[in-house]
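So this block is run.txt, compact mmCIF, C-alpha atoms and all ligand atoms:
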```txt
# COMPACT_ATOMS: atom_id res chain seq x y z
CA MET A 1 0.91 2.35 6.91
CA VAL A 2 0.00 -0.61 4.78
CA VAL A 3 -0.47 -3.93 6.58
CA TYR A 4 -0.57 -6.90 4.28
CA ILE A 5 -2.32 -9.29 6.61
CA THR A 6 -2.39 -12.52 4.56
CA GLY A 7 -1.93 -13.73 1.00
CA ILE A 8 -4.92 -16.08 1.35
CA CYS A 9 -7.88 -15.02 -0.79
CA PRO A 10 -11.14 -16.78 -1.77
CA GLN A 11 -10.98 -15.31 -5.29
CA ASP A 12 -8.68 -16.07 -8.18
CA CYS A 13 -8.79 -12.93 -10.31
CA TYR A 14 -6.74 -13.34 -13.47
CA TYR A 15 -5.56 -9.75 -13.09
CA CYS A 16 -4.27 -10.34 -9.55
CA PRO A 17 -0.96 -8.43 -9.29
CA LEU A 18 0.41 -10.22 -6.20
CA SER A 19 3.92 -11.63 -6.36
CA GLU A 20 4.67 -15.34 -5.92
CA THR A 21 6.12 -14.63 -2.48
CA LYS A 22 2.76 -13.28 -1.29
CA LYS A 23 -0.06 -14.81 -3.31
CA GLY A 24 -1.76 -17.68 -1.50
CA LYS A 25 0.83 -17.58 1.31
CA ASP A 26 -0.22 -16.78 4.84
CA VAL A 27 2.41 -14.09 5.39
CA VAL A 28 2.21 -10.66 7.03
CA TYR A 29 4.05 -7.49 6.01
CA ALA A 30 3.96 -4.03 7.57
CA ASN A 31 4.93 -1.67 4.78
CA GLU A 32 7.83 -3.58 3.18
CA ARG A 33 8.84 -5.42 6.34
CA LEU A 34 8.12 -9.12 6.84
CA VAL A 35 6.31 -9.54 10.17
CA GLU A 36 6.92 -12.82 11.98
CA GLY A 37 7.73 -14.35 15.33
CA ARG A 38 6.19 -13.93 18.76
CA ASP A 39 6.60 -10.13 18.70
CA TRP A 40 4.72 -9.71 15.44
CA LEU A 41 2.27 -7.14 16.82
CA HIS A 42 5.13 -5.07 18.22
CA ILE A 43 6.80 -5.09 14.82
CA ILE A 44 3.64 -3.66 13.26
CA LEU A 45 3.45 -0.95 15.93
CA ALA A 46 7.14 -0.13 15.47
CA GLU A 47 6.62 0.35 11.72
CA ALA A 48 3.65 2.64 12.39
CA ARG A 49 5.71 4.69 14.87
CA LYS A 50 8.62 4.94 12.45
CA MET A 51 6.50 6.77 9.92
CA ARG A 52 4.17 8.46 12.42
CA ALA A 53 1.32 6.77 10.59
CA LEU A 54 -1.98 8.63 10.72
CA GLY A 55 -3.87 5.61 9.50
CA THR A 56 -3.55 2.05 8.28
CA GLY A 57 -4.85 0.20 5.23
CA ILE A 58 -5.23 -3.53 5.83
CA THR A 59 -4.90 -5.47 2.63
CA GLY A 60 -4.09 -8.90 1.27
CA GLY A 61 -5.16 -11.44 -0.06
CA ASP A 62 -8.36 -10.99 1.87
CA PRO A 63 -8.16 -9.75 5.48
CA MET A 64 -11.57 -11.33 6.16
CA MET A 65 -9.99 -14.76 5.64
CA VAL A 66 -8.05 -14.23 8.89
CA PRO A 67 -10.68 -12.29 10.89
CA ASP A 68 -9.21 -12.87 14.35
CA ARG A 69 -5.80 -11.62 13.26
CA THR A 70 -7.32 -8.67 11.42
CA ALA A 71 -9.50 -7.67 14.38
CA LEU A 72 -6.53 -7.97 16.75
CA VAL A 73 -4.44 -5.66 14.57
CA ILE A 74 -7.25 -3.09 14.30
CA ARG A 75 -7.86 -3.14 18.05
CA THR A 76 -4.16 -2.87 18.85
CA LEU A 77 -3.67 0.08 16.47
CA LYS A 78 -6.66 1.88 17.96
CA GLU A 79 -5.49 1.25 21.53
CA GLU A 80 -1.99 2.43 20.76
CA PHE A 81 -2.66 5.43 18.50
CA GLY A 82 -6.19 6.44 19.49
CA ARG A 83 -9.55 6.56 17.75
CA ASN A 84 -8.35 9.03 15.15
CA HIS A 85 -5.90 6.54 13.67
CA HIS A 86 -8.04 5.71 10.63
CA VAL A 87 -8.19 2.02 9.69
CA HIS A 88 -9.66 0.67 6.47
CA LEU A 89 -9.60 -2.78 4.95
CA TYR A 90 -10.16 -4.31 1.54
CA THR A 91 -12.21 -7.44 1.07
CA SER A 92 -13.27 -9.53 -1.88
CA GLY A 93 -15.65 -11.69 0.21
CA PRO A 94 -17.82 -13.61 0.64
CA PHE A 95 -17.48 -14.09 4.39
CA GLU A 96 -19.64 -14.83 7.40
CA PRO A 97 -21.83 -11.68 7.89
CA SER A 98 -21.42 -11.69 11.68
CA LEU A 99 -17.73 -10.85 11.13
CA ILE A 100 -18.78 -7.32 10.24
CA GLU A 101 -19.73 -6.85 13.90
CA THR A 102 -16.36 -8.28 14.90
CA MET A 103 -14.61 -5.64 12.78
CA LYS A 104 -16.85 -2.87 14.03
CA ASP A 105 -16.16 -3.81 17.66
CA ALA A 106 -12.43 -3.82 16.92
CA GLY A 107 -12.77 -0.21 15.68
CA LEU A 108 -12.75 -0.52 11.87
CA ASP A 109 -13.54 2.83 10.19
CA GLU A 110 -13.96 1.84 6.56
CA MET A 111 -14.62 -1.25 4.45
CA ARG A 112 -13.73 -1.38 0.76
CA PHE A 113 -15.43 -4.11 -1.25
CA HIS A 114 -13.97 -5.69 -4.35
CA PRO A 115 -16.58 -8.17 -5.60
CA PRO A 116 -15.17 -10.63 -8.17
CA ILE A 117 -15.48 -9.50 -11.78
CA HIS A 118 -17.91 -12.27 -12.81
CA THR A 119 -20.52 -10.75 -10.46
CA TRP A 120 -20.29 -7.14 -11.64
CA SER A 121 -22.87 -7.20 -14.41
CA SER A 122 -25.50 -8.85 -12.18
CA PHE A 123 -25.41 -5.90 -9.78
CA ARG A 124 -27.74 -4.21 -12.27
CA TYR A 125 -30.70 -6.12 -10.80
CA LEU A 126 -30.02 -4.97 -7.27
CA SER A 127 -31.04 -1.86 -5.41
CA GLY A 128 -31.97 -1.21 -1.78
CA GLY A 129 -33.68 -4.55 -1.18
CA VAL A 130 -32.49 -7.95 -2.31
CA GLU A 131 -33.95 -9.07 -5.64
CA GLY A 132 -33.13 -11.49 -8.42
CA ASP A 133 -32.18 -14.40 -6.18
CA ALA A 134 -30.26 -16.23 -8.89
CA SER A 135 -27.78 -13.40 -9.09
CA PRO A 136 -24.18 -14.19 -8.16
CA ALA A 137 -24.02 -10.63 -6.81
CA ILE A 138 -26.50 -11.41 -3.98
CA PRO A 139 -24.01 -12.54 -1.30
CA PHE A 140 -21.91 -9.42 -1.90
CA HIS A 141 -24.96 -7.17 -1.96
CA GLU A 142 -26.11 -8.60 1.39
CA LEU A 143 -22.69 -8.07 2.92
CA ILE A 144 -22.56 -4.50 1.62
CA LEU A 145 -26.00 -3.72 3.09
CA HIS A 146 -25.00 -5.30 6.37
CA ALA A 147 -21.70 -3.41 6.48
CA ARG A 148 -23.47 -0.12 5.82
CA ASP A 149 -25.53 -0.65 8.98
CA SER A 150 -22.42 -1.08 11.09
CA ILE A 151 -19.28 0.48 9.60
CA ARG A 152 -18.92 4.26 9.25
CA SER A 153 -17.78 4.27 5.63
CA VAL A 154 -18.44 1.56 3.02
CA GLY A 155 -17.51 1.67 -0.64
CA LEU A 156 -16.10 -0.16 -3.62
CA GLU A 157 -12.48 -0.43 -4.70
CA ILE A 158 -12.11 -2.05 -8.09
CA PRO A 159 -9.81 -2.00 -11.10
CA ALA A 160 -10.96 -0.65 -14.48
CA VAL A 161 -10.61 -3.87 -16.48
CA VAL A 162 -10.75 -3.18 -20.20
CA ASP A 163 -12.47 -5.45 -22.71
CA GLU A 164 -10.66 -8.61 -23.73
CA LYS A 165 -9.86 -9.20 -27.36
CA GLY A 166 -12.43 -11.55 -28.95
CA SER A 167 -14.56 -11.88 -25.79
CA LYS A 168 -18.36 -11.86 -26.09
CA THR A 169 -18.77 -10.22 -22.68
CA SER A 170 -17.79 -6.63 -21.97
CA ASN A 171 -15.78 -5.83 -18.86
CA ALA A 172 -16.47 -2.16 -19.48
CA GLY A 173 -20.23 -2.82 -19.44
CA SER A 174 -19.91 -4.85 -16.23
CA LEU A 175 -17.91 -2.10 -14.54
CA LEU A 176 -20.59 0.41 -15.51
CA GLU A 177 -23.30 -1.76 -13.91
CA LEU A 178 -21.36 -2.12 -10.68
CA VAL A 179 -20.62 1.59 -10.41
CA ARG A 180 -24.26 2.42 -11.20
CA TYR A 181 -25.27 0.12 -8.36
CA ALA A 182 -23.00 2.04 -5.96
CA ALA A 183 -24.48 5.38 -7.02
CA ARG A 184 -28.07 4.08 -7.00
CA THR A 185 -27.77 2.65 -3.50
CA GLY A 186 -25.78 5.64 -2.18
CA MET A 187 -22.56 3.86 -1.19
CA ASP A 188 -20.09 6.28 0.39
CA PHE A 189 -17.43 6.05 -2.31
CA VAL A 190 -16.16 4.24 -5.39
CA ASN A 191 -12.40 4.00 -5.93
CA ILE A 192 -11.49 2.90 -9.44
CA ASN A 193 -7.87 1.88 -9.93
CA GLU A 194 -6.04 1.91 -13.21
CA LEU A 195 -5.40 -1.71 -14.19
CA GLU A 196 -1.75 -2.59 -13.76
CA ALA A 197 0.45 -5.36 -15.06
CA SER A 198 2.90 -7.16 -12.82
CA HIS A 199 5.30 -9.95 -13.66
CA THR A 200 2.75 -12.51 -12.40
CA ASN A 201 -0.20 -11.39 -14.55
CA MET A 202 1.73 -10.23 -17.62
CA GLY A 203 1.32 -13.59 -19.45
CA ILE A 204 -2.46 -13.70 -19.13
CA PHE A 205 -2.70 -10.01 -20.02
CA SER A 206 -1.01 -10.62 -23.31
CA VAL A 207 -3.32 -13.61 -24.02
CA LYS A 208 -6.29 -11.31 -23.38
CA GLY A 209 -4.88 -8.72 -25.76
CA PHE A 210 -4.08 -6.06 -23.16
CA SER A 211 -1.20 -3.73 -23.98
CA LEU A 212 0.73 -1.35 -21.77
CA VAL A 213 0.98 2.43 -21.92
CA GLY A 214 4.52 3.35 -23.08
CA ASP A 215 7.11 1.86 -20.73
CA SER A 216 4.75 1.96 -17.74
CA MET A 217 2.87 -0.97 -16.21
CA ALA A 218 -0.55 0.66 -16.78
CA VAL A 219 -2.90 -1.15 -19.15
CA GLU A 220 -3.89 0.84 -22.21
CA GLY A 221 -7.46 2.13 -22.12
CA SER A 222 -7.96 1.50 -18.39
CA ARG A 223 -7.62 5.15 -17.37
CA GLU A 224 -10.02 6.27 -20.11
CA LEU A 225 -12.49 3.55 -19.16
CA ALA A 226 -12.45 4.60 -15.50
CA TRP A 227 -13.09 8.26 -16.32
CA SER A 228 -15.82 7.53 -18.84
CA VAL A 229 -17.65 5.30 -16.36
CA ILE A 230 -17.33 7.90 -13.58
CA LYS A 231 -18.58 10.71 -15.83
CA ARG A 232 -21.45 8.67 -17.18
CA VAL A 233 -22.66 7.54 -13.75
CA GLN A 234 -22.31 11.05 -12.31
CA GLY A 235 -24.49 12.25 -15.21
CA GLU A 236 -27.08 9.53 -14.62
CA PHE A 237 -27.25 10.06 -10.84
CA PRO A 238 -26.69 13.79 -10.33
CA GLY A 239 -27.93 13.75 -6.73
CA THR A 240 -25.97 10.72 -5.56
CA LYS A 241 -23.99 11.04 -2.34
CA THR A 242 -21.38 8.61 -3.66
CA VAL A 243 -17.92 10.14 -4.08
CA PHE A 244 -15.86 8.87 -7.01
CA HIS A 245 -12.08 8.59 -7.09
CA PHE A 246 -9.72 7.46 -9.79
CA CYS A 247 -6.28 6.18 -8.74
CA SER A 248 -3.68 6.02 -11.49
CA SER A 249 -0.97 3.41 -11.47
CA VAL A 250 1.71 6.13 -11.26
CA TYR A 251 0.01 7.65 -8.22
CA LYS A 252 -0.18 4.32 -6.42
CA ASP A 253 3.37 3.36 -7.19
CA SER A 254 5.29 6.54 -6.89
CA VAL A 255 3.28 9.18 -5.05
CA GLN A 256 1.83 6.98 -2.30
CA LEU A 257 5.08 5.08 -1.81
CA ARG A 258 7.19 8.25 -1.82
CA HIS A 259 4.85 9.88 0.66
CA ARG A 260 5.15 6.88 2.97
CA LEU A 261 8.96 6.82 2.68
CA LYS A 262 9.22 10.55 3.33
CA ARG A 263 7.19 10.33 6.51
CA MET A 264 9.46 7.55 7.69
CA ALA A 265 12.66 9.32 6.63
CA ASN A 266 11.74 12.62 8.29
CA ASN A 267 10.94 10.79 11.48
CA LEU A 268 14.11 8.67 11.57
CA ARG A 269 16.71 11.00 10.10
CA LYS A 270 19.96 11.56 12.00
CA PRO A 271 21.77 14.92 11.83
CA TYR A 272 24.15 13.45 9.23
CA ASP A 273 21.33 12.32 6.88
CA ILE A 274 19.90 14.30 3.99
CA VAL A 275 16.30 13.31 3.18
CA THR A 276 15.93 13.30 -0.61
CA GLU A 277 12.88 14.18 -2.71
CA ASP A 278 12.21 10.44 -3.07
CA GLY A 279 12.12 9.90 0.70
CA THR A 280 15.51 8.15 0.84
CA PHE A 281 18.55 9.04 2.98
CA LEU A 282 21.73 10.35 1.44
CA ARG A 283 24.70 9.82 3.75
CA GLY A 284 28.47 9.55 3.55
CA VAL A 285 30.23 6.26 4.30
CA ILE A 286 33.85 5.60 5.27
CA VAL A 287 34.72 1.89 5.12
CA THR A 288 37.04 0.96 7.99
CA ASP A 289 37.81 -1.78 10.52
CA ARG A 290 38.72 0.86 13.16
CA PRO A 291 35.66 3.16 13.19
CA ASP A 292 36.38 4.65 16.63
CA ASP A 293 39.91 5.69 15.59
CA ILE A 294 38.53 7.31 12.44
CA THR A 295 35.88 9.34 14.26
CA ALA A 296 38.54 10.47 16.80
CA LEU A 297 40.84 11.47 13.94
CA LEU A 298 38.09 13.37 12.09
CA LYS A 299 37.20 15.20 15.26
CA GLU A 300 40.77 16.20 15.96
CA ARG A 301 42.01 16.96 12.45
CA TYR A 302 38.86 18.43 10.84
CA GLU A 303 36.79 19.36 13.92
CA VAL A 304 33.84 17.29 12.69
CA PRO A 305 31.09 17.51 15.38
CA ASP A 306 30.05 14.22 17.03
CA GLU A 307 26.45 14.48 15.82
CA LEU A 308 27.56 14.52 12.18
CA MET A 309 29.08 11.04 12.34
CA ASP A 310 28.33 7.62 13.73
CA ALA A 311 30.84 4.76 14.26
CA LEU A 312 29.33 1.41 13.26
CA GLU A 313 31.05 -1.98 13.29
CA ASP A 314 32.73 -1.78 9.88
CA ARG A 315 32.13 1.80 8.77
CA VAL A 316 31.61 5.37 9.79
CA LEU A 317 28.44 7.15 8.67
CA ILE A 318 29.05 10.82 8.15
CA ALA A 319 27.26 13.87 6.75
CA PRO A 320 27.68 13.75 2.96
CA TRP A 321 28.55 17.45 2.72
CA VAL A 322 31.40 16.88 5.20
CA LEU A 323 32.66 13.76 3.45
CA GLU A 324 32.75 15.53 0.09
CA GLU A 325 35.11 18.10 1.65
CA ILE A 326 37.44 15.79 3.54
CA GLY A 327 37.08 12.50 1.62
CA PRO A 328 40.01 13.17 -0.76
CA GLY A 329 42.37 13.52 2.23
CA LEU A 330 41.48 10.07 3.63
CA GLU A 331 43.13 6.75 2.77
CA GLU A 332 39.97 4.71 3.42
CA GLU A 333 37.36 3.85 0.79
CA THR A 334 34.66 6.53 0.87
CA TYR A 335 31.36 6.88 -0.93
CA LEU A 336 27.97 8.54 -0.82
CA SER A 337 25.16 6.10 -0.21
CA GLU A 338 21.47 6.53 -0.91
CA VAL A 339 19.37 4.13 1.16
CA TYR A 340 15.72 3.50 1.87
CA PRO A 341 14.60 4.52 5.38
CA THR A 342 13.06 1.04 5.76
CA TRP A 343 14.12 -1.56 8.32
CA ASP A 344 16.47 -3.28 5.85
CA GLY A 345 18.05 0.01 4.70
CA LEU A 346 18.22 -1.17 1.09
CA GLU A 347 20.88 0.78 -0.83
CA VAL A 348 19.60 2.25 -4.08
CA GLU A 349 22.74 4.07 -5.21
CA ARG A 350 26.42 4.29 -4.31
CA ILE A 351 28.68 7.07 -5.58
CA PRO A 352 32.41 6.48 -4.91
CA LEU A 353 34.34 9.61 -3.92
S1 LIG A 401 -9.36 -10.42 -4.77
FE1 LIG A 401 -7.44 -9.25 -4.87
S2 LIG A 401 -5.93 -10.56 -3.83
FE2 LIG A 401 -7.72 -11.85 -4.31
S3 LIG A 401 -7.21 -12.79 -6.26
FE3 LIG A 401 -8.42 -10.94 -6.70
S4 LIG A 401 -6.89 -9.32 -7.02
FE4 LIG A 401 -5.82 -11.04 -6.01
```

What would the structure in this file look like if it were written as structure tokens?
Ligand code: SF4
Amino acid sequence: MVVYITGICPQDCYYCPLSETKKGKDVVYANERLVEGRDWLHIILAEARKMRALGTGITGGDPMMVPDRTALVIRTLKEEFGRNHHVHLYTSGPFEPSLIETMKDAGLDEMRFHPPIHTWSSFRYLSGGVEGDASPAIPFHELILHARDSIRSVGLEIPAVVDEKGSKTSNAGSLLELVRYAARTGMDFVNINELEASHTNMGIFSVKGFSLVGDSMAVEGSRELAWSVIKRVQGEFPGTKTVFHFCSSVYKDSVQLRHRLKRMANNLRKPYDIVTEDGTFLRGVIVTDRPDDITALLKERYEVPDELMDALEDRVLIAPWVLEEIGPGLEEETYLSEVYPTWDGLEVERIPL
């Protein structure tokens, strides 16, 4: 499950992909569902149950900007689903170091740091101890060291930001320094994400001379940059215990999302639903203002079993393979409907019969 715990963030990255409805707003979402009201914690638990979540990623904004809320969610998830429900969070810091203990006590398993891009190159001065006290990387370095004493797994999660047209500084060089730092100090992992455009950062991306790969949202050169940095650092630090991952924009958008939807769909499916490859439901719909009469008629005339249909207020949901057979004999409007298994049941396609 993904819990978006707040849109508040101490950083202002120009590549921030957050939408206007989330960025800077103190809102909470569990997967795609807005979480609000007095029962907000129950809503989060219900979403986790719906998809039989094995773990939760807490994201934002910066979860460390609302530490009490974040700790409460971690503790509640652990109490409800047990110690093995893995919880990680992302943070861009800086924050009060004692909050690391708060997160540890709540049960946090993993912390993923995303220091702001202007600090990356100055990580080259830092190793196990704290040196170079003018470095803007120092507060992040101290937090990372502190977290490594308390939290089971600590790493970096950063985007591969390509060089800007006409800029005197090199983002690629800065990324290399930051990843070297992780390998040198033996952080548990480095996750490098392919840089992605969104409708909120698209304007600034074009000013910086970034272009997109084909008709995708991935920034050209970002994937290659990530791999070249990983390979180079692995070559420079052959014995490092740091594990490197690259996450492509396609993987994040389609594979992770589809996986999440499928878990939810398989858990919630009714006997009349088909779960598609994309993790959506395909079901038949008969539009009617007398749903009980229609289900009685279908049972009598076509011997449709009760479990293959459901009478709602203004429609009957029915197995699509049954509706395709009997639909032509009905006077009512009928169609096949493909919907998300999410709380709002968003319809993605409707095929009239
Ligand atoms: S740290 Fe993340 S959420 Fe905050 S501004 Fe940067 S990209 Fe956006």

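Contacts with ligand LIG 401 (chain A) are defined as any residue atom within 6 Å of a ligand atom, using all atoms listed in the file; the residues meeting this criterion are A:Cys9, A:Gln11, A:Asp12, A:Cys13, A:Cys16, A:Gly60, A:Gly61, A:Ser92.
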
*For CA of Ser170 (chain A) and CA of Ser211 (chain A), determine how far apart the two atoms are, in Å to one decimal place.*
17.0 Å

_Give me the residues near Lys50 (chain A) as a list in words, where near means some atom within 10 Å (using only C-alpha atoms) and where sequence neighbours in that chain fewer than 2 positions away do not count._
Met1, Ile44, Leu45, Ala46, Glu47, Ala48, Arg52, Ala53, Leu261, Arg263, Met264, Ala265, Asn266, Asn267, Leu268, Pro341, Thr342 and Trp343 of chain A

*All residues 8 Å or closer to region 140-156 of chain A, only C-alpha atoms, same chain fewer than 5 positions away omitted, as a PyMOL selection string*: chain A and resi 93-94+97+100-101+104+108-115+123+126+130+182+187-191

_If I take CA of Asn84 (chain A) and CA of Thr240 (chain A), how far is one from the other in Å, to one decimal?_
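CA of Thr240 (chain A) lies at a distance of 27.2 Å from CA of Asn84 (chain A).
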
_Spatial sel., origin (-9.7, -5.8, 17.1), limit 10 Å, only C-alpha atoms, listed as a list of chain:residue names_ =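 The requested residues, written out, are A:Pro67, A:Asp68, A:Arg69, A:Thr70, A:Ala71, A:Leu72, A:Val73, A:Ile74, A:Arg75, A:Thr76, A:Leu77, A:Lys78, A:Glu79, A:Thr102, A:Met103, A:Lys104, A:Asp105, A:Ala106, A:Gly107, A:Leu108.
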
*Counting all atoms listed in the file, the residue of A:Pro116, A:Arg260, A:Leu323, A:Ser198 that sits nearest Asn31 (chain A)*: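 So, comparing all the options, the nearest one is A:Arg260.
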
*Would you please work out which residue, of A:Pro328, A:Gly279, A:Gly55, A:Pro271, is nearest to Glu307 (chain A) when using all atoms listed in the file?*
A:Pro271

*Pick from A:Lys299, A:Val179, A:Ile192, A:Gly166: nearest to Ser249 (chain A), with only C-alpha atoms counted?*
A:Ile192

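One finds CA of Thr242 (chain A) at 10.7 Å from CA of Ile230 (chain A).
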
*Which residue of A:Thr185, A:Ser248, A:Thr169, A:Ser337 approaches Asp273 (chain A) most closely, using all atoms listed in the file*: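 So, comparing all the options, the nearest one is A:Ser337.
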
Using the file's own x, y and z axes, so that the box edges lie along x, y and z, what centre and edge lengths in Å (one decimal) does a box around every listed atom of region 118-125 of chain A get when 5 Å is added on each side? Give it as lines of an AutoDock Vina configuration file.
```
center_x = -24.3
center_y = -8.2
center_z = -12.1
size_x = 22.8
size_y = 18.1
size_z = 14.6
```

Output as a short mmCIF file (atom, residue, chain, number, x, y, z; two decimals), keeping the file's coordinate frame: region 200-227 of chain A, completed with N, CA and C atoms.
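So the final result, stored in out20.cif, reads:
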```cif
data_model
loop_
_atom_site.label_atom_id
_atom_site.label_comp_id
_atom_site.auth_asym_id
_atom_site.auth_seq_id
_atom_site.Cartn_x
_atom_site.Cartn_y
_atom_site.Cartn_z
N THR A 200 3.55 -11.28 -12.54
CA THR A 200 2.75 -12.51 -12.40
C THR A 200 1.52 -12.53 -13.33
N ASN A 201 1.00 -11.36 -13.69
CA ASN A 201 -0.20 -11.39 -14.55
C ASN A 201 0.10 -11.02 -16.01
N MET A 202 1.35 -10.70 -16.29
CA MET A 202 1.73 -10.23 -17.62
C MET A 202 1.36 -11.25 -18.72
N GLY A 203 1.58 -12.54 -18.45
CA GLY A 203 1.32 -13.59 -19.45
C GLY A 203 -0.15 -13.60 -19.84
N ILE A 204 -1.02 -13.63 -18.85
CA ILE A 204 -2.46 -13.70 -19.13
C ILE A 204 -2.94 -12.39 -19.77
N PHE A 205 -2.32 -11.28 -19.41
CA PHE A 205 -2.70 -10.01 -20.02
C PHE A 205 -2.42 -10.04 -21.52
N SER A 206 -1.30 -10.63 -21.88
CA SER A 206 -1.01 -10.62 -23.31
C SER A 206 -1.95 -11.59 -24.05
N VAL A 207 -2.34 -12.70 -23.41
CA VAL A 207 -3.32 -13.61 -24.02
C VAL A 207 -4.66 -12.87 -24.23
N LYS A 208 -5.01 -12.02 -23.29
CA LYS A 208 -6.29 -11.31 -23.38
C LYS A 208 -6.22 -10.08 -24.28
N GLY A 209 -5.03 -9.82 -24.81
CA GLY A 209 -4.88 -8.72 -25.76
C GLY A 209 -4.71 -7.36 -25.11
N PHE A 210 -4.31 -7.34 -23.83
CA PHE A 210 -4.08 -6.06 -23.16
C PHE A 210 -2.68 -5.56 -23.53
N SER A 211 -2.56 -4.27 -23.81
CA SER A 211 -1.20 -3.73 -23.98
C SER A 211 -0.93 -2.64 -22.97
N LEU A 212 0.34 -2.29 -22.81
CA LEU A 212 0.73 -1.35 -21.77
C LEU A 212 0.98 0.04 -22.34
N VAL A 213 0.78 1.04 -21.50
CA VAL A 213 0.98 2.43 -21.92
C VAL A 213 2.48 2.74 -21.87
N GLY A 214 3.09 2.99 -23.02
CA GLY A 214 4.52 3.35 -23.08
C GLY A 214 5.36 2.32 -22.35
N ASP A 215 6.30 2.80 -21.50
CA ASP A 215 7.11 1.86 -20.73
C ASP A 215 6.59 1.73 -19.29
N SER A 216 5.31 2.11 -19.09
CA SER A 216 4.75 1.96 -17.74
C SER A 216 4.12 0.57 -17.60
N MET A 217 3.55 0.31 -16.44
CA MET A 217 2.87 -0.97 -16.21
C MET A 217 1.36 -0.80 -16.32
N ALA A 218 0.89 0.41 -16.67
CA ALA A 218 -0.55 0.66 -16.78
C ALA A 218 -1.10 0.04 -18.07
N VAL A 219 -2.29 -0.54 -17.97
CA VAL A 219 -2.90 -1.15 -19.15
C VAL A 219 -3.60 -0.08 -19.99
N GLU A 220 -3.35 -0.16 -21.29
CA GLU A 220 -3.89 0.84 -22.21
C GLU A 220 -5.42 0.84 -22.16
N GLY A 221 -6.00 2.01 -22.09
CA GLY A 221 -7.46 2.13 -22.12
C GLY A 221 -8.10 2.09 -20.74
N SER A 222 -7.36 1.65 -19.71
CA SER A 222 -7.96 1.50 -18.39
C SER A 222 -8.31 2.87 -17.78
N ARG A 223 -7.38 3.80 -17.91
CA ARG A 223 -7.62 5.15 -17.37
C ARG A 223 -8.85 5.78 -18.05
N GLU A 224 -8.91 5.67 -19.37
CA GLU A 224 -10.02 6.27 -20.11
C GLU A 224 -11.34 5.60 -19.72
N LEU A 225 -11.28 4.27 -19.56
CA LEU A 225 -12.49 3.55 -19.16
C LEU A 225 -12.99 4.05 -17.80
N ALA A 226 -12.07 4.17 -16.85
CA ALA A 226 -12.45 4.60 -15.50
C ALA A 226 -13.13 5.97 -15.56
N TRP A 227 -12.51 6.91 -16.27
CA TRP A 227 -13.09 8.26 -16.32
C TRP A 227 -14.43 8.28 -17.04
#
```
